[in-house]
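Reproduced below: entry_21.cif, with mmCIF, C-alpha atoms and all ligand atoms.
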data_model
loop_
_atom_site.label_atom_id
_atom_site.label_comp_id
_atom_site.auth_asym_id
_atom_site.auth_seq_id
_atom_site.Cartn_x
_atom_site.Cartn_y
_atom_site.Cartn_z
CA MET A 1 -89.03 -143.13 104.55
CA ILE A 2 -87.33 -142.80 107.93
CA ILE A 3 -87.75 -139.76 110.17
CA ALA A 4 -85.37 -139.51 113.14
CA ILE A 5 -86.31 -137.26 116.06
CA ASP A 6 -83.90 -136.66 118.93
CA GLY A 7 -83.79 -134.25 121.82
CA PRO A 8 -83.46 -133.84 125.58
CA ALA A 9 -85.91 -135.04 128.25
CA ALA A 10 -89.53 -133.93 127.96
CA SER A 11 -88.89 -131.91 124.80
CA GLY A 12 -92.09 -133.27 123.26
CA LYS A 13 -90.40 -135.77 120.92
CA GLY A 14 -92.84 -138.56 121.78
CA THR A 15 -96.00 -136.51 121.17
CA LEU A 16 -94.56 -134.96 118.02
CA GLY A 17 -93.32 -138.33 116.78
CA LYS A 18 -96.78 -139.84 117.13
CA LEU A 19 -98.47 -136.95 115.26
CA ILE A 20 -95.84 -136.90 112.51
CA ALA A 21 -96.13 -140.67 112.01
CA ALA A 22 -99.94 -140.43 111.72
CA HIS A 23 -99.63 -137.52 109.24
CA TYR A 24 -97.39 -139.49 106.86
CA GLY A 25 -98.95 -142.92 107.53
CA LEU A 26 -95.75 -144.32 109.09
CA ALA A 27 -95.14 -146.51 112.13
CA HIS A 28 -93.87 -144.83 115.31
CA LEU A 29 -91.40 -145.98 117.96
CA ASP A 30 -90.71 -143.98 121.12
CA SER A 31 -87.32 -145.59 121.83
CA GLY A 32 -87.25 -144.09 125.34
CA LYS A 33 -89.94 -146.63 126.22
CA LEU A 34 -87.51 -149.47 125.40
CA TYR A 35 -85.04 -148.13 127.95
CA ARG A 36 -87.81 -147.46 130.44
CA ALA A 37 -89.13 -151.03 130.04
CA VAL A 38 -85.64 -152.49 130.58
CA ALA A 39 -85.24 -150.24 133.65
CA ARG A 40 -88.60 -151.44 135.01
CA ASP A 41 -87.62 -155.09 134.52
CA THR A 42 -84.16 -154.55 136.04
CA LEU A 43 -85.73 -153.04 139.17
CA ALA A 44 -88.41 -155.78 139.26
CA ALA A 45 -85.62 -158.38 139.32
CA GLY A 46 -84.34 -156.69 142.48
CA ALA A 47 -81.20 -155.36 140.77
CA ASP A 48 -79.71 -151.88 140.74
CA PRO A 49 -79.69 -149.97 137.40
CA THR A 50 -75.93 -149.45 137.79
CA ASP A 51 -75.54 -153.27 137.54
CA ALA A 52 -74.69 -153.65 133.82
CA LYS A 53 -75.01 -157.44 133.88
CA ALA A 54 -78.49 -157.38 135.39
CA ALA A 55 -79.60 -154.61 132.99
CA LEU A 56 -78.28 -156.60 130.03
CA ALA A 57 -80.18 -159.69 131.20
CA ALA A 58 -83.36 -157.59 131.38
CA ALA A 59 -82.68 -156.17 127.89
CA GLN A 60 -82.18 -159.68 126.48
CA ALA A 61 -85.35 -161.02 128.13
CA ARG A 62 -87.33 -157.96 127.07
CA ASP A 63 -91.04 -158.04 126.49
CA PHE A 64 -91.91 -155.10 124.25
CA ALA A 65 -95.59 -156.05 124.26
CA THR A 66 -95.80 -153.85 127.36
CA LEU A 67 -94.55 -150.60 125.78
CA GLY A 68 -98.02 -149.07 126.15
CA ASP A 69 -97.91 -149.47 129.95
CA PRO A 70 -98.68 -145.95 131.35
CA GLY A 71 -96.52 -146.82 134.39
CA LEU A 72 -93.47 -146.46 132.12
CA MET A 73 -93.76 -142.66 132.31
CA ASP A 74 -93.04 -142.66 136.07
CA GLY A 75 -90.28 -140.17 136.96
CA LYS A 76 -88.26 -142.80 138.84
CA LEU A 77 -88.18 -145.00 135.75
CA GLY A 78 -86.86 -142.08 133.68
CA GLU A 79 -83.90 -141.78 136.02
CA ALA A 80 -83.33 -145.57 136.11
CA ALA A 81 -83.66 -145.69 132.29
CA SER A 82 -80.97 -143.03 131.93
CA ILE A 83 -78.63 -145.09 134.14
CA ILE A 84 -79.17 -148.39 132.31
CA ALA A 85 -78.94 -146.53 128.96
CA SER A 86 -75.35 -145.62 129.78
CA HIS A 87 -74.32 -149.32 129.63
CA PRO A 88 -73.00 -149.95 126.09
CA GLU A 89 -74.04 -153.63 126.24
CA VAL A 90 -77.65 -152.63 126.94
CA ARG A 91 -77.65 -150.22 123.97
CA ARG A 92 -76.18 -152.95 121.77
CA ALA A 93 -78.91 -155.40 122.84
CA LEU A 94 -81.60 -152.92 121.77
CA LEU A 95 -80.01 -151.94 118.44
CA ALA A 96 -81.33 -154.69 116.14
CA TYR A 97 -84.92 -154.21 117.28
CA GLN A 98 -84.78 -150.48 116.51
CA ARG A 99 -83.07 -150.96 113.13
CA ALA A 100 -85.66 -153.61 112.12
CA PHE A 101 -88.45 -151.28 113.21
CA ALA A 102 -86.98 -148.48 111.09
CA ALA A 103 -86.67 -150.77 108.05
CA GLN A 104 -90.39 -151.59 107.79
CA LYS A 105 -92.37 -150.36 104.79
CA PRO A 106 -93.50 -147.73 104.00
CA GLY A 107 -91.33 -146.31 106.75
CA ALA A 108 -91.12 -145.22 110.35
CA VAL A 109 -90.67 -142.35 112.75
CA LEU A 110 -88.34 -143.08 115.67
CA ASP A 111 -87.64 -140.73 118.54
CA GLY A 112 -84.97 -140.82 121.22
CA ARG A 113 -81.44 -139.59 121.86
CA ASP A 114 -79.27 -141.39 119.29
CA ILE A 115 -81.67 -142.08 116.42
CA GLY A 116 -80.04 -139.66 113.97
CA THR A 117 -76.51 -140.43 115.11
CA VAL A 118 -76.40 -144.19 115.76
CA ILE A 119 -79.65 -146.05 115.02
CA CYS A 120 -80.58 -144.42 111.68
CA PRO A 121 -77.63 -142.33 110.49
CA ASP A 122 -79.08 -142.50 106.96
CA ALA A 123 -82.58 -141.29 107.93
CA ASP A 124 -84.32 -139.21 105.24
CA VAL A 125 -85.03 -136.41 107.70
CA LYS A 126 -83.55 -135.68 111.14
CA LEU A 127 -85.10 -133.31 113.65
CA PHE A 128 -83.52 -132.21 116.92
CA VAL A 129 -86.32 -130.97 119.18
CA THR A 130 -85.48 -128.71 122.11
CA ALA A 131 -87.05 -126.26 124.54
CA THR A 132 -85.62 -124.49 127.59
CA PRO A 133 -85.24 -126.74 130.68
CA GLU A 134 -87.84 -124.60 132.51
CA GLU A 135 -90.42 -125.02 129.75
CA ARG A 136 -89.75 -128.76 129.50
CA ALA A 137 -90.11 -129.09 133.29
CA ARG A 138 -93.40 -127.18 133.17
CA ARG A 139 -94.79 -129.54 130.50
CA ARG A 140 -93.63 -132.74 132.21
CA TYR A 141 -94.94 -131.45 135.57
CA ARG A 142 -98.38 -130.91 134.05
CA GLU A 143 -98.32 -134.38 132.47
CA LEU A 144 -97.27 -136.09 135.70
CA ARG A 145 -99.83 -134.21 137.81
CA GLU A 146 -102.57 -135.18 135.38
CA ALA A 147 -101.49 -138.80 135.81
CA GLY A 148 -101.89 -138.39 139.58
CA ASN A 149 -98.18 -138.09 140.38
CA MET A 150 -97.60 -135.81 143.39
CA ILE A 151 -94.34 -134.12 142.50
CA SER A 152 -93.24 -130.47 142.51
CA GLN A 153 -92.15 -128.56 139.41
CA GLU A 154 -88.76 -127.96 141.07
CA GLU A 155 -88.28 -131.71 141.48
CA VAL A 156 -89.17 -132.28 137.83
CA LEU A 157 -86.68 -129.61 136.72
CA ALA A 158 -83.95 -131.15 138.89
CA ASP A 159 -84.74 -134.62 137.49
CA ILE A 160 -84.62 -133.67 133.81
CA THR A 161 -81.53 -131.47 134.27
CA LYS A 162 -79.66 -134.34 135.92
CA ARG A 163 -80.82 -136.82 133.30
CA ASP A 164 -79.86 -134.55 130.37
CA GLU A 165 -76.42 -134.07 131.85
CA ARG A 166 -75.90 -137.82 132.19
CA ASP A 167 -77.29 -138.45 128.69
CA ARG A 168 -75.06 -135.76 127.15
CA ASN A 169 -71.88 -136.87 128.86
CA ARG A 170 -72.01 -140.65 128.54
CA ALA A 171 -69.33 -142.28 126.40
CA THR A 172 -71.67 -144.36 124.21
CA ALA A 173 -74.30 -142.73 121.97
CA PRO A 174 -74.55 -139.46 123.90
CA LEU A 175 -77.43 -137.05 123.41
CA ILE A 176 -76.17 -134.75 120.65
CA LYS A 177 -77.64 -133.09 117.57
CA ALA A 178 -76.56 -134.93 114.41
CA GLU A 179 -74.69 -132.58 112.08
CA ASP A 180 -77.38 -132.93 109.43
CA ALA A 181 -80.34 -132.59 111.82
CA VAL A 182 -82.69 -129.59 111.67
CA LEU A 183 -83.19 -127.80 114.98
CA LEU A 184 -86.76 -127.23 116.19
CA ASP A 185 -87.02 -125.09 119.32
CA THR A 186 -90.53 -125.50 120.74
CA THR A 187 -90.11 -123.20 123.78
CA ASN A 188 -92.70 -120.75 122.45
CA LEU A 189 -94.81 -123.23 120.48
CA ASP A 190 -97.82 -125.20 121.69
CA ILE A 191 -98.16 -128.76 120.41
CA ASP A 192 -100.25 -127.74 117.40
CA ALA A 193 -97.75 -125.04 116.35
CA ALA A 194 -94.81 -127.42 116.98
CA PHE A 195 -96.48 -130.07 114.82
CA LYS A 196 -97.06 -127.60 111.97
CA ALA A 197 -93.47 -126.36 112.20
CA ALA A 198 -92.18 -129.96 112.15
CA ILE A 199 -94.25 -130.86 109.07
CA ALA A 200 -93.01 -127.73 107.27
CA LEU A 201 -89.38 -128.66 108.08
CA ILE A 202 -89.88 -132.27 107.00
CA ASP A 203 -91.62 -131.33 103.75
CA ALA A 204 -88.88 -128.82 103.00
CA ALA A 205 -86.21 -131.44 103.72
CA MET A 206 -88.01 -133.97 101.52
CA GLY A 207 -88.17 -131.43 98.73
CA HIS A 208 -91.93 -131.05 98.57
CA ALA A 209 -94.17 -128.62 100.41
CA GLY A 210 -97.84 -128.03 101.13
CA GLN A 211 -98.79 -131.15 103.10
CA ALA A 212 -99.29 -129.44 106.45
CA GLY A 213 -103.05 -129.47 105.98
O1 LIG B 301 -89.77 -138.91 127.77
P1 LIG B 301 -88.42 -138.41 128.21
O2 LIG B 301 -87.89 -137.41 127.25
O3 LIG B 301 -88.43 -137.98 129.63
O4 LIG B 301 -87.40 -139.63 128.22
P2 LIG B 301 -87.41 -140.94 127.32
O5 LIG B 301 -87.34 -140.55 125.88
O6 LIG B 301 -88.54 -141.81 127.75
O7 LIG B 301 -86.01 -141.62 127.70
C1 LIG B 301 -85.70 -142.06 129.01
C2 LIG B 301 -84.20 -142.25 129.08
O8 LIG B 301 -83.82 -143.30 128.18
C3 LIG B 301 -83.36 -141.05 128.63
O9 LIG B 301 -83.07 -140.16 129.70
C4 LIG B 301 -82.11 -141.68 128.05
O10 LIG B 301 -81.12 -141.90 129.01
C5 LIG B 301 -82.58 -143.03 127.57
N1 LIG B 301 -82.70 -143.09 126.09
C6 LIG B 301 -81.54 -143.29 125.37
O11 LIG B 301 -80.45 -143.37 125.92
N2 LIG B 301 -81.58 -143.43 124.02
C7 LIG B 301 -82.75 -143.33 123.37
N3 LIG B 301 -82.76 -143.48 122.04
C8 LIG B 301 -83.94 -143.07 124.08
C9 LIG B 301 -83.88 -142.95 125.46
#

Could I get this structure in the form of structure tokens?
Ligand code: CDP
Amino acid sequence: MIIAIDGPAASGKGTLGKLIAAHYGLAHLDSGKLYRAVARDTLAAGADPTDAKAALAAAQARDFATLGDPGLMDGKLGEAASIIASHPEVRRALLAYQRAFAAQKPGAVLDGRDIGTVICPDADVKLFVTATPEERARRRYRELREAGNMISQEEVLADITKRDERDRNRATAPLIKAEDAVLLDTTNLDIDAAFKAAIALIDAAMGHAGQAG
């Protein structure tokens, strides 16, 4: 069973993905962390994220043992990740890892921008998670402040708006709802309500209901 979750920045895909995976006993991959890790390594090598060759070298030499690194959530890495993610060669270098992850038994939940469109076009269920930019900025702001990041809510809003625009308009694997994805707008839902709504949508899509607990 493969569940694909896509959506714009800070829409709650990662948190939802983790909860959904635990609910169904599946593995979970937050694919944004792959791009963030490659961005971190590109910067650590002294290269600019716009340098496709350097970003590809970082993607090829990747060490995904560090995907739990809390430093990956840094706002600057989000921006750098969005830039390196626009290089088609970087996306290609990360494709096999994601497909292999999705193929494990009994299944997996992957979240990102192109899971339902490119990585797992045959996923059993596809969700597209959104919320207004203001609500997403409010959530990310709270998260970053809790992690000790001194940033204003206006800066967070500007960052995610810019990133979404780049992600939506890139030529390769842009952020877009797959035609067969179900839309989940979490603007007025807290995480518990969003989780319940997601489970109801997934169960309905899988043709069986009543597992929301
Ligand atoms: O957590 P947040 O929503 O802020 O972002 P993320 O999921 O960690 O992704 C960081 C960046 O990686 C995004 O802005 C995208 O440019 C890129 N990304 C992508 O291109 N494709 C994916 N499947 C996942 C992330």

Nearest residue to ligand LIG 301 (chain B) out of A:Thr186, A:Thr15, A:Gln153, A:Ser82, using all atoms listed in the file?
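Checking each of A:Thr186, A:Thr15, A:Gln153, A:Ser82 against ligand LIG 301 (chain B), counting all atoms listed in the file, the winner is A:Ser82.
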
Among listed residues A:Asp192, A:Asp111, A:Asp122, A:Glu155, nearest ligand LIG 301 (chain B) (using all atoms listed in the file):
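Among the listed residues, A:Asp111 lies closest to ligand LIG 301 (chain B).
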
What's around Pro106 in chain A at 10 Å? Count all atoms listed in the file, leave out sequence neighbours fewer than 3 positions away in its own chain, and write the answer as a PyMOL selection string.
chain A and resi 1-2+24-27+102-103

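Considering all atoms listed in the file, the residue among A:Ala4, A:Leu16, A:Ile151, A:Ala59 positioned nearest to Ala37 in chain A is A:Ala59.
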
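Across the model, the gap from atom P2 of ligand LIG 301 (chain B) to CA of Arg142 in chain A is 16.3 Å.
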